[in-house]
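With compact mmCIF, C-alpha atoms and all ligand atoms inside, this is start23.txt:
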# COMPACT_ATOMS: atom_id res chain seq x y z
CA MET A 242 -12.94 6.58 170.75
CA LYS A 243 -16.38 7.99 170.25
CA ASN A 244 -17.59 7.46 173.81
CA SER A 245 -14.40 7.85 175.77
CA LYS A 246 -14.46 10.48 178.45
CA GLU A 247 -10.75 10.86 178.94
CA ASN A 248 -9.13 13.90 177.43
CA ILE A 249 -5.97 12.87 175.68
CA VAL A 250 -3.35 15.33 174.49
CA LEU A 251 -0.99 14.59 171.61
CA THR A 252 1.83 16.76 170.40
CA GLY A 253 4.81 16.17 168.23
CA ASP A 254 7.66 17.64 166.26
CA ARG A 255 9.29 16.75 162.99
CA PRO A 256 12.88 15.89 163.82
CA THR A 257 14.48 18.06 161.17
CA GLY A 258 16.43 20.42 163.40
CA LYS A 259 16.71 21.87 166.86
CA LEU A 260 13.69 23.75 168.13
CA HIS A 261 13.59 27.51 168.57
CA LEU A 262 11.77 30.36 170.29
CA GLY A 263 8.91 30.13 167.77
CA HIS A 264 8.23 26.57 168.94
CA LEU A 265 8.58 27.63 172.56
CA VAL A 266 5.85 30.26 172.47
CA GLY A 267 3.86 28.63 169.66
CA SER A 268 3.27 25.27 171.28
CA MET A 269 5.86 24.02 173.76
CA GLN A 270 4.85 26.21 176.71
CA ASN A 271 1.27 25.15 176.09
CA ARG A 272 2.27 21.50 176.09
CA VAL A 273 3.86 21.84 179.49
CA LYS A 274 0.71 23.47 180.84
CA LEU A 275 -1.57 20.89 179.26
CA GLN A 276 0.35 17.89 180.59
CA ASN A 277 -0.68 19.07 184.04
CA GLN A 278 -4.32 19.58 183.12
CA TYR A 279 -5.37 16.50 181.19
CA ASP A 280 -5.69 12.80 181.84
CA ARG A 281 -3.07 11.57 179.41
CA CYS A 282 -0.43 13.08 177.17
CA PHE A 283 1.59 11.75 174.30
CA TYR A 284 4.63 13.29 172.70
CA MET A 285 5.54 11.97 169.26
CA VAL A 286 8.81 12.20 167.40
CA ALA A 287 7.34 12.61 163.90
CA ASP A 288 10.19 10.92 162.05
CA ILE A 289 7.99 9.45 159.30
CA GLN A 290 6.57 12.90 158.62
CA ALA A 291 10.09 14.35 158.60
CA LEU A 292 11.04 11.84 155.92
CA THR A 293 8.26 13.07 153.62
CA ASP A 294 10.56 15.84 152.48
CA ASN A 295 13.87 14.41 153.69
CA ALA A 296 13.76 10.96 152.15
CA ASP A 297 17.35 11.36 150.97
CA ASN A 298 18.60 12.47 154.36
CA PRO A 299 17.77 9.81 156.94
CA ASP A 300 20.84 10.68 159.03
CA LYS A 301 19.48 14.14 159.65
CA VAL A 302 16.14 12.75 160.82
CA ARG A 303 17.78 10.13 163.01
CA LYS A 304 20.07 12.62 164.69
CA ASN A 305 17.34 15.14 165.34
CA ALA A 306 14.99 12.56 166.83
CA PHE A 307 17.06 12.84 170.00
CA GLU A 308 17.44 16.60 169.71
CA VAL A 309 13.70 17.34 169.69
CA VAL A 310 13.17 15.10 172.70
CA LEU A 311 15.95 16.94 174.53
CA ASP A 312 14.34 20.27 173.66
CA ASN A 313 10.96 19.20 174.98
CA LEU A 314 12.35 17.72 178.18
CA ALA A 315 14.42 20.85 178.75
CA VAL A 316 11.33 23.02 178.43
CA GLY A 317 9.47 20.94 181.00
CA LEU A 318 7.68 17.93 179.55
CA THR A 319 8.31 15.02 181.89
CA PRO A 320 8.12 11.28 181.24
CA GLU A 321 6.03 10.93 184.42
CA LYS A 322 3.21 12.86 182.80
CA THR A 323 3.85 12.50 179.08
CA THR A 324 4.45 9.31 177.13
CA PHE A 325 7.21 9.84 174.56
CA PHE A 326 7.22 7.67 171.45
CA ILE A 327 8.65 7.45 167.94
CA GLN A 328 6.18 7.53 165.04
CA SER A 329 8.04 5.02 162.87
CA GLN A 330 7.94 2.41 165.62
CA ILE A 331 4.13 2.33 165.60
CA PRO A 332 3.27 0.55 162.30
CA GLU A 333 -0.44 0.90 163.16
CA ILE A 334 -0.13 4.61 162.28
CA ALA A 335 0.93 3.67 158.75
CA GLU A 336 -1.91 1.20 158.53
CA LEU A 337 -4.46 3.77 159.64
CA THR A 338 -3.00 6.27 157.16
CA VAL A 339 -3.59 3.85 154.28
CA LEU A 340 -7.22 3.43 155.31
CA PHE A 341 -7.71 7.19 155.66
CA LEU A 342 -6.20 7.81 152.21
CA ASN A 343 -9.40 6.46 150.67
CA LEU A 344 -11.50 9.09 152.41
CA VAL A 345 -9.74 12.18 151.05
CA THR A 346 -9.63 13.47 147.50
CA LEU A 347 -6.51 14.64 145.72
CA ALA A 348 -8.20 18.00 145.10
CA ARG A 349 -8.76 18.48 148.85
CA LEU A 350 -5.12 17.67 149.59
CA LYS A 351 -3.92 20.23 147.07
CA ARG A 352 -6.11 22.89 148.70
CA ASN A 353 -4.64 22.58 152.20
CA PRO A 354 -3.12 26.05 152.78
CA THR A 355 -0.36 24.82 155.08
CA VAL A 356 0.80 22.22 152.58
CA LYS A 357 0.50 24.74 149.75
CA GLU A 358 2.66 27.24 151.62
CA GLU A 359 5.26 24.62 152.51
CA MET A 360 5.33 23.36 148.94
CA LYS A 361 5.98 26.89 147.75
CA GLN A 362 8.72 27.38 150.31
CA LYS A 363 10.41 24.14 149.27
CA GLY A 364 9.89 24.81 145.57
CA PHE A 365 8.21 21.46 144.93
CA GLY A 366 5.59 22.42 142.35
CA GLU A 367 4.20 19.36 140.55
CA ASN A 368 7.21 17.35 141.69
CA VAL A 369 6.03 17.18 145.26
CA PRO A 370 6.72 13.78 146.84
CA ALA A 371 3.38 11.98 147.18
CA GLY A 372 4.15 11.30 150.83
CA PHE A 373 4.55 15.00 151.48
CA LEU A 374 1.27 15.93 149.85
CA VAL A 375 -0.58 13.40 151.97
CA TYR A 376 1.13 14.15 155.28
CA PRO A 377 -2.03 15.76 156.70
CA ILE A 378 -3.67 12.35 156.33
CA SER A 379 -0.90 10.65 158.20
CA GLN A 380 -1.10 13.41 160.78
CA ALA A 381 -4.79 12.60 161.28
CA ALA A 382 -3.69 9.01 161.91
CA ASP A 383 -1.05 10.24 164.42
CA ILE A 384 -3.81 11.88 166.38
CA LEU A 385 -6.57 9.31 166.06
CA PHE A 386 -4.64 6.08 166.55
CA CYS A 387 -4.29 6.91 170.24
CA ASP A 388 -7.70 8.51 170.55
CA SER A 389 -6.33 11.94 171.36
CA ASN A 390 -8.68 14.89 171.14
CA ILE A 391 -6.64 17.83 172.42
CA ILE A 392 -3.85 19.11 170.18
CA PRO A 393 -1.70 22.10 171.16
CA VAL A 394 -0.43 23.61 167.92
CA GLY A 395 1.00 26.68 166.30
CA GLU A 396 -1.26 28.66 163.99
CA ASP A 397 0.23 27.08 160.87
CA GLN A 398 -1.12 23.68 161.89
CA LEU A 399 -4.79 24.71 162.06
CA PRO A 400 -5.62 23.67 158.48
CA VAL A 401 -4.09 20.27 159.18
CA ILE A 402 -6.34 19.78 162.20
CA GLU A 403 -9.32 20.96 160.18
CA GLN A 404 -8.56 18.33 157.59
CA ALA A 405 -8.21 15.70 160.30
CA ASN A 406 -11.67 16.60 161.57
CA GLU A 407 -13.05 16.15 158.07
CA ILE A 408 -11.55 12.67 158.08
CA VAL A 409 -13.29 11.98 161.40
CA THR A 410 -16.62 13.04 159.93
CA LYS A 411 -16.14 11.04 156.76
CA PHE A 412 -14.92 7.95 158.61
CA ASN A 413 -17.84 8.04 161.04
CA SER A 414 -20.44 8.52 158.33
CA THR A 415 -18.94 5.74 156.23
CA TYR A 416 -18.21 3.09 158.86
CA GLY A 417 -20.23 4.15 161.89
CA GLU A 418 -19.42 6.38 164.84
CA THR A 419 -15.84 5.53 165.73
CA PHE A 420 -13.66 8.57 166.28
CA ARG A 421 -14.31 11.80 168.16
CA LYS A 422 -13.64 15.34 167.06
CA ILE A 423 -10.26 16.97 167.63
CA GLN A 424 -9.79 20.27 169.36
CA PRO A 425 -6.72 22.36 168.48
CA ILE A 426 -5.39 24.57 171.25
CA LEU A 427 -3.56 27.70 170.22
CA SER A 428 -1.14 29.58 172.41
CA GLU A 429 -1.33 33.31 172.97
CA THR A 430 1.49 33.72 170.48
CA PRO A 431 0.70 31.23 167.77
CA ARG A 432 3.25 32.68 165.38
CA LEU A 433 6.63 34.27 165.99
CA VAL A 434 8.24 36.44 163.35
CA GLY A 435 11.79 35.62 162.31
CA ILE A 436 14.71 37.86 163.31
CA ASP A 437 14.79 39.07 159.70
CA GLY A 438 11.18 40.22 159.80
CA ASN A 439 10.00 37.18 157.83
CA ALA A 440 6.46 36.26 158.92
CA LYS A 441 7.62 33.03 160.47
CA ALA A 442 10.70 31.92 162.37
CA GLY A 443 11.63 28.62 160.77
CA LYS A 444 14.10 25.83 161.41
CA SER A 445 15.07 25.88 157.79
CA LEU A 446 14.76 29.62 157.14
CA GLY A 447 17.90 30.53 159.12
CA ASN A 448 16.09 33.26 161.01
CA ALA A 449 15.43 31.68 164.37
CA ILE A 450 16.93 31.79 167.84
CA PHE A 451 17.37 28.22 169.07
CA LEU A 452 16.61 26.97 172.54
CA ASP A 453 20.22 26.02 173.10
CA ASP A 454 21.83 29.09 171.53
CA SER A 455 24.72 30.42 173.61
CA LEU A 456 24.70 33.96 174.93
CA GLU A 457 27.14 34.81 172.13
CA GLU A 458 24.75 33.48 169.51
CA ILE A 459 21.82 35.32 171.05
CA LYS A 460 23.86 38.54 170.97
CA LYS A 461 24.81 38.05 167.36
CA LYS A 462 21.26 37.33 166.28
CA VAL A 463 19.67 40.17 168.20
CA MET A 464 22.24 42.59 166.81
CA MET A 465 21.21 41.46 163.31
CA MET A 466 17.53 41.96 164.04
CA TYR A 467 15.39 44.04 161.76
CA THR A 468 14.28 47.33 163.38
CA ASP A 469 13.10 50.51 161.66
CA PRO A 470 15.23 51.07 158.56
CA ASN A 471 14.64 54.84 158.78
CA HIS A 472 15.82 55.04 162.38
CA ILE A 473 19.43 55.80 161.58
CA HIS A 474 20.52 57.99 164.49
CA ALA A 475 19.40 57.50 168.07
CA SER A 476 17.88 60.97 167.95
CA ASP A 477 15.61 60.04 164.99
CA LYS A 478 11.97 59.27 165.59
CA GLY A 479 11.41 55.52 165.38
CA LYS A 480 8.63 53.20 164.32
CA ILE A 481 7.32 50.38 166.48
CA GLU A 482 5.16 48.56 163.91
CA GLY A 483 7.20 45.95 162.14
CA ASN A 484 10.12 46.58 164.49
CA ILE A 485 11.12 43.05 165.41
CA VAL A 486 13.02 44.02 168.54
CA PHE A 487 9.82 45.42 170.02
CA THR A 488 7.81 42.44 168.75
CA TYR A 489 10.13 40.16 170.71
CA LEU A 490 10.14 42.43 173.77
CA ASP A 491 6.34 42.39 173.78
CA ILE A 492 6.38 38.61 173.86
CA PHE A 493 9.32 37.83 176.11
CA ASP A 494 9.84 40.81 178.43
CA PRO A 495 7.80 40.39 181.62
CA GLU A 496 7.96 44.13 182.45
CA LYS A 497 5.13 45.27 180.23
CA SER A 498 4.82 48.83 181.55
CA GLU A 499 8.53 49.41 181.11
CA ILE A 500 8.21 48.31 177.47
CA GLU A 501 5.38 50.80 176.93
CA LYS A 502 7.64 53.58 178.22
CA LEU A 503 10.48 52.46 175.95
CA LYS A 504 8.13 52.46 172.97
CA GLU A 505 7.05 56.02 173.68
CA HIS A 506 10.69 57.06 174.00
CA TYR A 507 11.61 55.32 170.75
CA LYS A 508 8.77 57.01 168.88
CA ARG A 509 9.76 60.42 170.26
CA GLY A 510 13.38 59.93 169.31
CA GLY A 511 16.43 59.71 171.53
CA LEU A 512 16.47 55.94 172.07
CA GLY A 513 19.01 54.02 170.04
CA ASP A 514 18.58 50.56 168.50
CA VAL A 515 21.58 49.26 170.39
CA GLU A 516 19.98 50.11 173.69
CA ILE A 517 16.77 48.23 173.02
CA LYS A 518 18.74 45.37 171.56
CA LYS A 519 20.83 45.14 174.73
CA ARG A 520 17.66 44.92 176.75
CA LEU A 521 16.33 42.15 174.49
CA ILE A 522 19.58 40.19 174.78
CA GLY A 523 19.19 40.17 178.57
CA VAL A 524 15.52 39.20 178.34
CA LEU A 525 16.18 36.31 175.93
CA GLU A 526 19.13 35.09 177.95
CA ASN A 527 16.79 34.87 180.96
CA VAL A 528 14.35 32.78 178.93
CA ILE A 529 16.93 30.53 177.32
CA SER A 530 19.58 30.01 179.98
CA PRO A 531 17.56 27.64 182.24
CA ILE A 532 16.49 25.66 179.14
CA ARG A 533 20.04 25.53 177.81
CA THR A 534 21.43 24.39 181.17
CA LYS A 535 18.86 21.63 181.56
CA ARG A 536 19.31 20.59 177.94
CA ARG A 537 23.08 20.25 178.32
CA GLU A 538 22.62 18.26 181.51
CA LEU A 539 20.17 15.87 179.83
CA ALA A 540 22.37 15.52 176.76
CA LYS A 541 25.05 13.91 178.94
CA ASN A 542 22.78 10.95 179.52
CA PRO A 543 21.68 9.53 176.15
CA GLU A 544 20.79 6.19 177.83
CA PHE A 545 18.07 7.97 179.76
CA ILE A 546 16.56 9.40 176.56
CA GLU A 547 16.75 6.05 174.83
CA LYS A 548 15.07 4.23 177.71
CA LEU A 549 12.32 6.82 177.94
CA LEU A 550 11.62 6.47 174.22
CA ARG A 551 11.77 2.69 174.26
CA GLU A 552 9.39 2.35 177.21
CA GLY A 553 7.06 5.06 175.96
CA THR A 554 6.90 3.52 172.49
CA GLU A 555 6.06 0.11 173.96
CA LYS A 556 3.22 1.56 175.99
CA THR A 557 1.91 3.49 172.99
CA ARG A 558 2.01 0.43 170.77
CA ALA A 559 -0.40 -1.35 173.07
CA VAL A 560 -2.86 1.55 172.69
CA ALA A 561 -2.42 1.46 168.90
CA LYS A 562 -3.26 -2.24 168.74
CA GLU A 563 -6.51 -1.66 170.59
CA THR A 564 -7.57 1.11 168.22
CA MET A 565 -6.72 -0.91 165.11
CA LYS A 566 -8.74 -3.85 166.37
CA LYS A 567 -11.77 -1.57 166.52
CA VAL A 568 -11.00 0.02 163.14
CA ARG A 569 -10.58 -3.36 161.42
CA GLU A 570 -13.88 -4.42 162.87
CA VAL A 571 -15.83 -1.45 161.52
CA ILE A 572 -14.17 -1.64 158.10
CA ARG A 573 -14.87 -5.39 158.08
CA ILE A 574 -11.27 -6.38 157.48
CA ASN A 575 -11.16 -8.53 160.62
CA TYR A 576 -11.10 -11.95 159.00
CA PHE A 577 -9.58 -14.39 161.45
N1 LIG B 1 3.25 18.75 161.66
C1 LIG B 1 3.81 19.01 162.96
C2 LIG B 1 4.94 20.04 162.79
O1 LIG B 1 5.38 20.26 161.69
C3 LIG B 1 4.35 17.77 163.63
C4 LIG B 1 3.30 16.73 163.89
C5 LIG B 1 3.22 15.51 163.28
C6 LIG B 1 2.19 16.83 164.77
N2 LIG B 1 2.15 14.84 163.74
C7 LIG B 1 1.49 15.61 164.65
C8 LIG B 1 1.72 17.84 165.63
C9 LIG B 1 0.31 15.40 165.35
C10 LIG B 1 0.55 17.60 166.34
C11 LIG B 1 -0.14 16.39 166.19
O2 LIG B 1 5.39 20.60 163.75

Would you put the structure from the file into structure tokens?
Amino acid sequence: MKNSKENIVLTGDRPTGKLHLGHLVGSMQNRVKLQNQYDRCFYMVADIQALTDNADNPDKVRKNAFEVVLDNLAVGLTPEKTTFFIQSQIPEIAELTVLFLNLVTLARLKRNPTVKEEMKQKGFGENVPAGFLVYPISQAADILFCDSNIIPVGEDQLPVIEQANEIVTKFNSTYGETFRKIQPILSETPRLVGIDGNAKAGKSLGNAIFLDDSLEEIKKKVMMMYTDPNHIHASDKGKIEGNIVFTYLDIFDPEKSEIEKLKEHYKRGGLGDVEIKKRLIGVLENVISPIRTKRRELAKNPEFIEKLLREGTEKTRAVAKETMKKVREVIRINYF
């Protein structure tokens, strides 16, 4: 709350599919780092948010609730340092959302660039589910109900955090100083292009390499990757800009000077696409194989995941009740 000194991190994923390399470099690696730096960390399975555009597909959301937890554990979040919980099991978040709804105009919601972009992608137009349009408000509640102030996010989430901070300002000026400002933390690679050259690798865009992809799948996807369409023969001069294989090598290959040499060679001509793709396959396999192994190990023990979520959710609920007591007080809806 306004005067607390603890730094509290909150992160979360919509359980709509398995996570991929874009999530890894966009926010997951940062989460792992932050859980070691700050006082408290929460990880939320954003199942209510997932339902805002999957209302007719609850099975998908239910199934992926476990998958996203597996992904995050496999990458290195640990229940010792991070409290895992499920959004839908904290009714206080819904309550806080309803109270926040009164502080935001419909015009402001329609202007949010992230929501606009997603609406376009999903082809919603005027028929957008109301719950989807207002998800940034519920996301503000996700963050504020547990007093978190540090949010590691991908670039696409910045407008959502901005809107949450507007809610903080509005709430505080209306009801008195209650919540503190939220600080988004971006990774060095806040956005990863898709293997098809699309600006963003997306769960639903079919252009992502998943954290549990097999070596065979990695091979197949890298071989499909967009390079330089005019680089037909190995001897041709090649272009680096917009060449996705090099974009990925820049991000994932630890041997930076070697990559610079390969780029020069490619530009000069004489370096074939297959060769750089083979290098990338090896590099990505090195990134993914420890994650995949750990993920498969964890997946054998669903009781462990369930227990971790149950206990984490219970702990989180206690925090939520405290916050709502304070919120009801300042809004004067604390009758009895
Ligand atoms: N909107 C986020 C995503 O699509 C998920 C999310 C929900 C979240 N609530 C959050 C992220 C709160 C950070 C903080 O990935």

| message | Using only C-alpha atoms, which protein or nucleic acid residues come within 7 Å of region 267-281 of chain A? Drop anything in the same chain fewer than 5 positions from it, and give the result as a VMD selection string. | response | chain A and resid 247 to 250 317 to 318 322 to 323 393 to 395 428 430 to 432

With 12 Å as the cut-off and only C-alpha atoms counted, what is the closest atom pair between each nearby residue of region 451-520 of chain A and region 298-308 of chain A? Distances in Å to one decimal, ordered by chain and number, as CSV.
residue,atom,partner,partner_atom,distance
A:Phe451,CA,A:Glu308,CA,11.6
A:Leu452,CA,A:Glu308,CA,10.8
A:Asp453,CA,A:Glu308,CA,10.4

| task | Please extract the residues at most 9 Å from ligand LIG 1 (chain B), counting all atoms listed in the file, and provide them as JSON, numbers by chain, using the chain letters and residue numbers of this document. | result | {"A": [250, 251, 252, 253, 254, 255, 256, 264, 284, 285, 286, 287, 288, 289, 290, 291, 328, 376, 377, 379, 380, 381, 382, 383, 384, 392, 393, 394, 395, 397, 398, 401, 402, 425]}

Write the selection just made, keeping C-alpha atoms, as a compact mmCIF listing (two decimals), keeping the file's coordinate frame?
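The result, stored in again_19.txt:
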# COMPACT_ATOMS: atom_id res chain seq x y z
CA VAL A 250 -3.35 15.33 174.49
CA LEU A 251 -0.99 14.59 171.61
CA THR A 252 1.83 16.76 170.40
CA GLY A 253 4.81 16.17 168.23
CA ASP A 254 7.66 17.64 166.26
CA ARG A 255 9.29 16.75 162.99
CA PRO A 256 12.88 15.89 163.82
CA HIS A 264 8.23 26.57 168.94
CA TYR A 284 4.63 13.29 172.70
CA MET A 285 5.54 11.97 169.26
CA VAL A 286 8.81 12.20 167.40
CA ALA A 287 7.34 12.61 163.90
CA ASP A 288 10.19 10.92 162.05
CA ILE A 289 7.99 9.45 159.30
CA GLN A 290 6.57 12.90 158.62
CA ALA A 291 10.09 14.35 158.60
CA GLN A 328 6.18 7.53 165.04
CA TYR A 376 1.13 14.15 155.28
CA PRO A 377 -2.03 15.76 156.70
CA SER A 379 -0.90 10.65 158.20
CA GLN A 380 -1.10 13.41 160.78
CA ALA A 381 -4.79 12.60 161.28
CA ALA A 382 -3.69 9.01 161.91
CA ASP A 383 -1.05 10.24 164.42
CA ILE A 384 -3.81 11.88 166.38
CA ILE A 392 -3.85 19.11 170.18
CA PRO A 393 -1.70 22.10 171.16
CA VAL A 394 -0.43 23.61 167.92
CA GLY A 395 1.00 26.68 166.30
CA ASP A 397 0.23 27.08 160.87
CA GLN A 398 -1.12 23.68 161.89
CA VAL A 401 -4.09 20.27 159.18
CA ILE A 402 -6.34 19.78 162.20
CA PRO A 425 -6.72 22.36 168.48

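Taking all atoms listed in the file, the non-local environment of His474 (chain A) within 12 Å (same-chain residues fewer than 4 positions away omitted) comprises Asp469, Pro470, Lys478, Gly479, Tyr507, Gly510, Gly511, Leu512, Gly513, Asp514 and Val515 of chain A.
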
| message | So, with all atoms listed in the file as the atoms that count, which of A:Asn575, A:Asn542, A:Thr415, A:Asn448 lies closest to Phe341 (chain A)? | response | A:Thr415

| Given all atoms listed in the file as the counted atoms, nearest of A:His261, A:Lys548, A:Lys243, A:Lys508 to Phe420 (chain A) | A:Lys243

| said: With all atoms listed in the file as the counted atoms, please give the residues lying no more than 12 Å from region 495-498 of chain A, apart from itself and same-chain residues fewer than 3 positions off, as a PyMOL selection string. | reply: chain A and resi 487+489-492+501-505+520-521+523-525+527-528

Mind running region 322-420 of chain A against region 293-297 of chain A at 10 Å and telling me each contacting residue's nearest atom pair with the distance in Å (one decimal), counting all atoms listed in the file, chain and number ascending, as CSV?
residue,atom,partner,partner_atom,distance
A:Met360,CA,A:Asp294,CA,9.8
A:Lys363,CA,A:Asp294,CA,8.9
A:Phe365,CA,A:Asp294,CA,9.7
A:Val369,CA,A:Asp294,CA,8.6
A:Pro370,CA,A:Thr293,CA,7.0
A:Ala371,CA,A:Thr293,CA,8.2
A:Gly372,CA,A:Thr293,CA,5.3
A:Phe373,CA,A:Thr293,CA,4.7
A:Leu374,CA,A:Thr293,CA,8.4
A:Val375,CA,A:Thr293,CA,9.0
A:Tyr376,CA,A:Thr293,CA,7.4

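Counting from CA of Ile378 (chain A), the distance to CA of Gly263 (chain A) is 24.6 Å.
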
Counting all atoms listed in the file, note down every residue that has an atom within 12 Å of the point (19.7, 41.6, 162.5) (file coordinates), as a PDB file with C-alpha atoms, keeping the file's coordinate frame.
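The file below, part13.pdb, is the result:
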ATOM      1  CA  GLY A 435      11.790  35.620 162.310  1.00  0.00           C
ATOM      2  CA  ILE A 436      14.710  37.860 163.310  1.00  0.00           C
ATOM      3  CA  ASP A 437      14.790  39.070 159.700  1.00  0.00           C
ATOM      4  CA  GLY A 438      11.180  40.220 159.800  1.00  0.00           C
ATOM      5  CA  ASN A 439      10.000  37.180 157.830  1.00  0.00           C
ATOM      6  CA  GLY A 447      17.900  30.530 159.120  1.00  0.00           C
ATOM      7  CA  ASN A 448      16.090  33.260 161.010  1.00  0.00           C
ATOM      8  CA  ALA A 449      15.430  31.680 164.370  1.00  0.00           C
ATOM      9  CA  ILE A 450      16.930  31.790 167.840  1.00  0.00           C
ATOM     10  CA  GLU A 458      24.750  33.480 169.510  1.00  0.00           C
ATOM     11  CA  ILE A 459      21.820  35.320 171.050  1.00  0.00           C
ATOM     12  CA  LYS A 460      23.860  38.540 170.970  1.00  0.00           C
ATOM     13  CA  LYS A 461      24.810  38.050 167.360  1.00  0.00           C
ATOM     14  CA  LYS A 462      21.260  37.330 166.280  1.00  0.00           C
ATOM     15  CA  VAL A 463      19.670  40.170 168.200  1.00  0.00           C
ATOM     16  CA  MET A 464      22.240  42.590 166.810  1.00  0.00           C
ATOM     17  CA  MET A 465      21.210  41.460 163.310  1.00  0.00           C
ATOM     18  CA  MET A 466      17.530  41.960 164.040  1.00  0.00           C
ATOM     19  CA  TYR A 467      15.390  44.040 161.760  1.00  0.00           C
ATOM     20  CA  THR A 468      14.280  47.330 163.380  1.00  0.00           C
ATOM     21  CA  ASP A 469      13.100  50.510 161.660  1.00  0.00           C
ATOM     22  CA  PRO A 470      15.230  51.070 158.560  1.00  0.00           C
ATOM     23  CA  ASN A 484      10.120  46.580 164.490  1.00  0.00           C
ATOM     24  CA  ILE A 485      11.120  43.050 165.410  1.00  0.00           C
ATOM     25  CA  VAL A 486      13.020  44.020 168.540  1.00  0.00           C
ATOM     26  CA  ASP A 514      18.580  50.560 168.500  1.00  0.00           C
ATOM     27  CA  VAL A 515      21.580  49.260 170.390  1.00  0.00           C
ATOM     28  CA  LYS A 518      18.740  45.370 171.560  1.00  0.00           C
TER      29      LYS A 518
END

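The smallest atom-to-atom distance between Leu314 (chain A) and any of A:Lys535, A:Arg569, A:Arg558, A:Arg551, using all atoms listed in the file, is found for A:Lys535.
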
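Taking CA of Lys556 (chain A) and CA of Val310 (chain A) as the two end points, the separation is 17.1 Å.
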
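Nearest to Arg509 (chain A) of all the residues A:Leu385, A:Ile529, A:Cys282, A:Ile481 is A:Ile481, counting all atoms listed in the file.
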
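When CA of Pro320 (chain A) is paired with CA of Ser245 (chain A), their separation reads 23.4 Å.
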
With N, CA and C atoms as the goal, would you fill in the gaps in region 383-396 of chain A and present it as a PDB file, in the frame of the given file?
ATOM      1  N   ASP A 383      -1.866  10.027 163.200  1.00  0.00           N
ATOM      2  CA  ASP A 383      -1.050  10.240 164.420  1.00  0.00           C
ATOM      3  C   ASP A 383      -1.945  10.582 165.604  1.00  0.00           C
ATOM      4  N   ILE A 384      -2.957  11.369 165.302  1.00  0.00           N
ATOM      5  CA  ILE A 384      -3.810  11.880 166.380  1.00  0.00           C
ATOM      6  C   ILE A 384      -4.852  10.836 166.774  1.00  0.00           C
ATOM      7  N   LEU A 385      -5.415  10.166 165.775  1.00  0.00           N
ATOM      8  CA  LEU A 385      -6.570   9.310 166.060  1.00  0.00           C
ATOM      9  C   LEU A 385      -6.192   7.903 166.521  1.00  0.00           C
ATOM     10  N   PHE A 386      -4.993   7.458 166.167  1.00  0.00           N
ATOM     11  CA  PHE A 386      -4.640   6.080 166.550  1.00  0.00           C
ATOM     12  C   PHE A 386      -4.598   5.913 168.065  1.00  0.00           C
ATOM     13  N   CYS A 387      -4.337   7.030 168.777  1.00  0.00           N
ATOM     14  CA  CYS A 387      -4.290   6.910 170.240  1.00  0.00           C
ATOM     15  C   CYS A 387      -5.448   7.675 170.864  1.00  0.00           C
ATOM     16  N   ASP A 388      -6.460   7.949 170.048  1.00  0.00           N
ATOM     17  CA  ASP A 388      -7.700   8.510 170.550  1.00  0.00           C
ATOM     18  C   ASP A 388      -7.521   9.896 171.175  1.00  0.00           C
ATOM     19  N   SER A 389      -6.508  10.630 170.727  1.00  0.00           N
ATOM     20  CA  SER A 389      -6.330  11.940 171.360  1.00  0.00           C
ATOM     21  C   SER A 389      -7.310  12.938 170.760  1.00  0.00           C
ATOM     22  N   ASN A 390      -7.686  13.897 171.571  1.00  0.00           N
ATOM     23  CA  ASN A 390      -8.680  14.890 171.140  1.00  0.00           C
ATOM     24  C   ASN A 390      -8.240  16.321 171.417  1.00  0.00           C
ATOM     25  N   ILE A 391      -7.106  16.489 172.085  1.00  0.00           N
ATOM     26  CA  ILE A 391      -6.640  17.830 172.420  1.00  0.00           C
ATOM     27  C   ILE A 391      -5.246  18.013 171.812  1.00  0.00           C
ATOM     28  N   ILE A 392      -5.124  18.954 170.883  1.00  0.00           N
ATOM     29  CA  ILE A 392      -3.850  19.110 170.180  1.00  0.00           C
ATOM     30  C   ILE A 392      -3.333  20.548 170.284  1.00  0.00           C
ATOM     31  N   PRO A 393      -2.299  20.769 171.112  1.00  0.00           N
ATOM     32  CA  PRO A 393      -1.700  22.100 171.160  1.00  0.00           C
ATOM     33  C   PRO A 393      -0.839  22.340 169.923  1.00  0.00           C
ATOM     34  N   VAL A 394      -1.148  23.380 169.181  1.00  0.00           N
ATOM     35  CA  VAL A 394      -0.430  23.610 167.920  1.00  0.00           C
ATOM     36  C   VAL A 394      -0.126  25.089 167.700  1.00  0.00           C
ATOM     37  N   GLY A 395       0.785  25.330 166.804  1.00  0.00           N
ATOM     38  CA  GLY A 395       1.000  26.680 166.300  1.00  0.00           C
ATOM     39  C   GLY A 395      -0.061  26.964 165.248  1.00  0.00           C
ATOM     40  N   GLU A 396      -0.213  28.246 164.922  1.00  0.00           N
ATOM     41  CA  GLU A 396      -1.260  28.660 163.990  1.00  0.00           C
ATOM     42  C   GLU A 396      -1.183  27.931 162.644  1.00  0.00           C
TER      43      GLU A 396
END
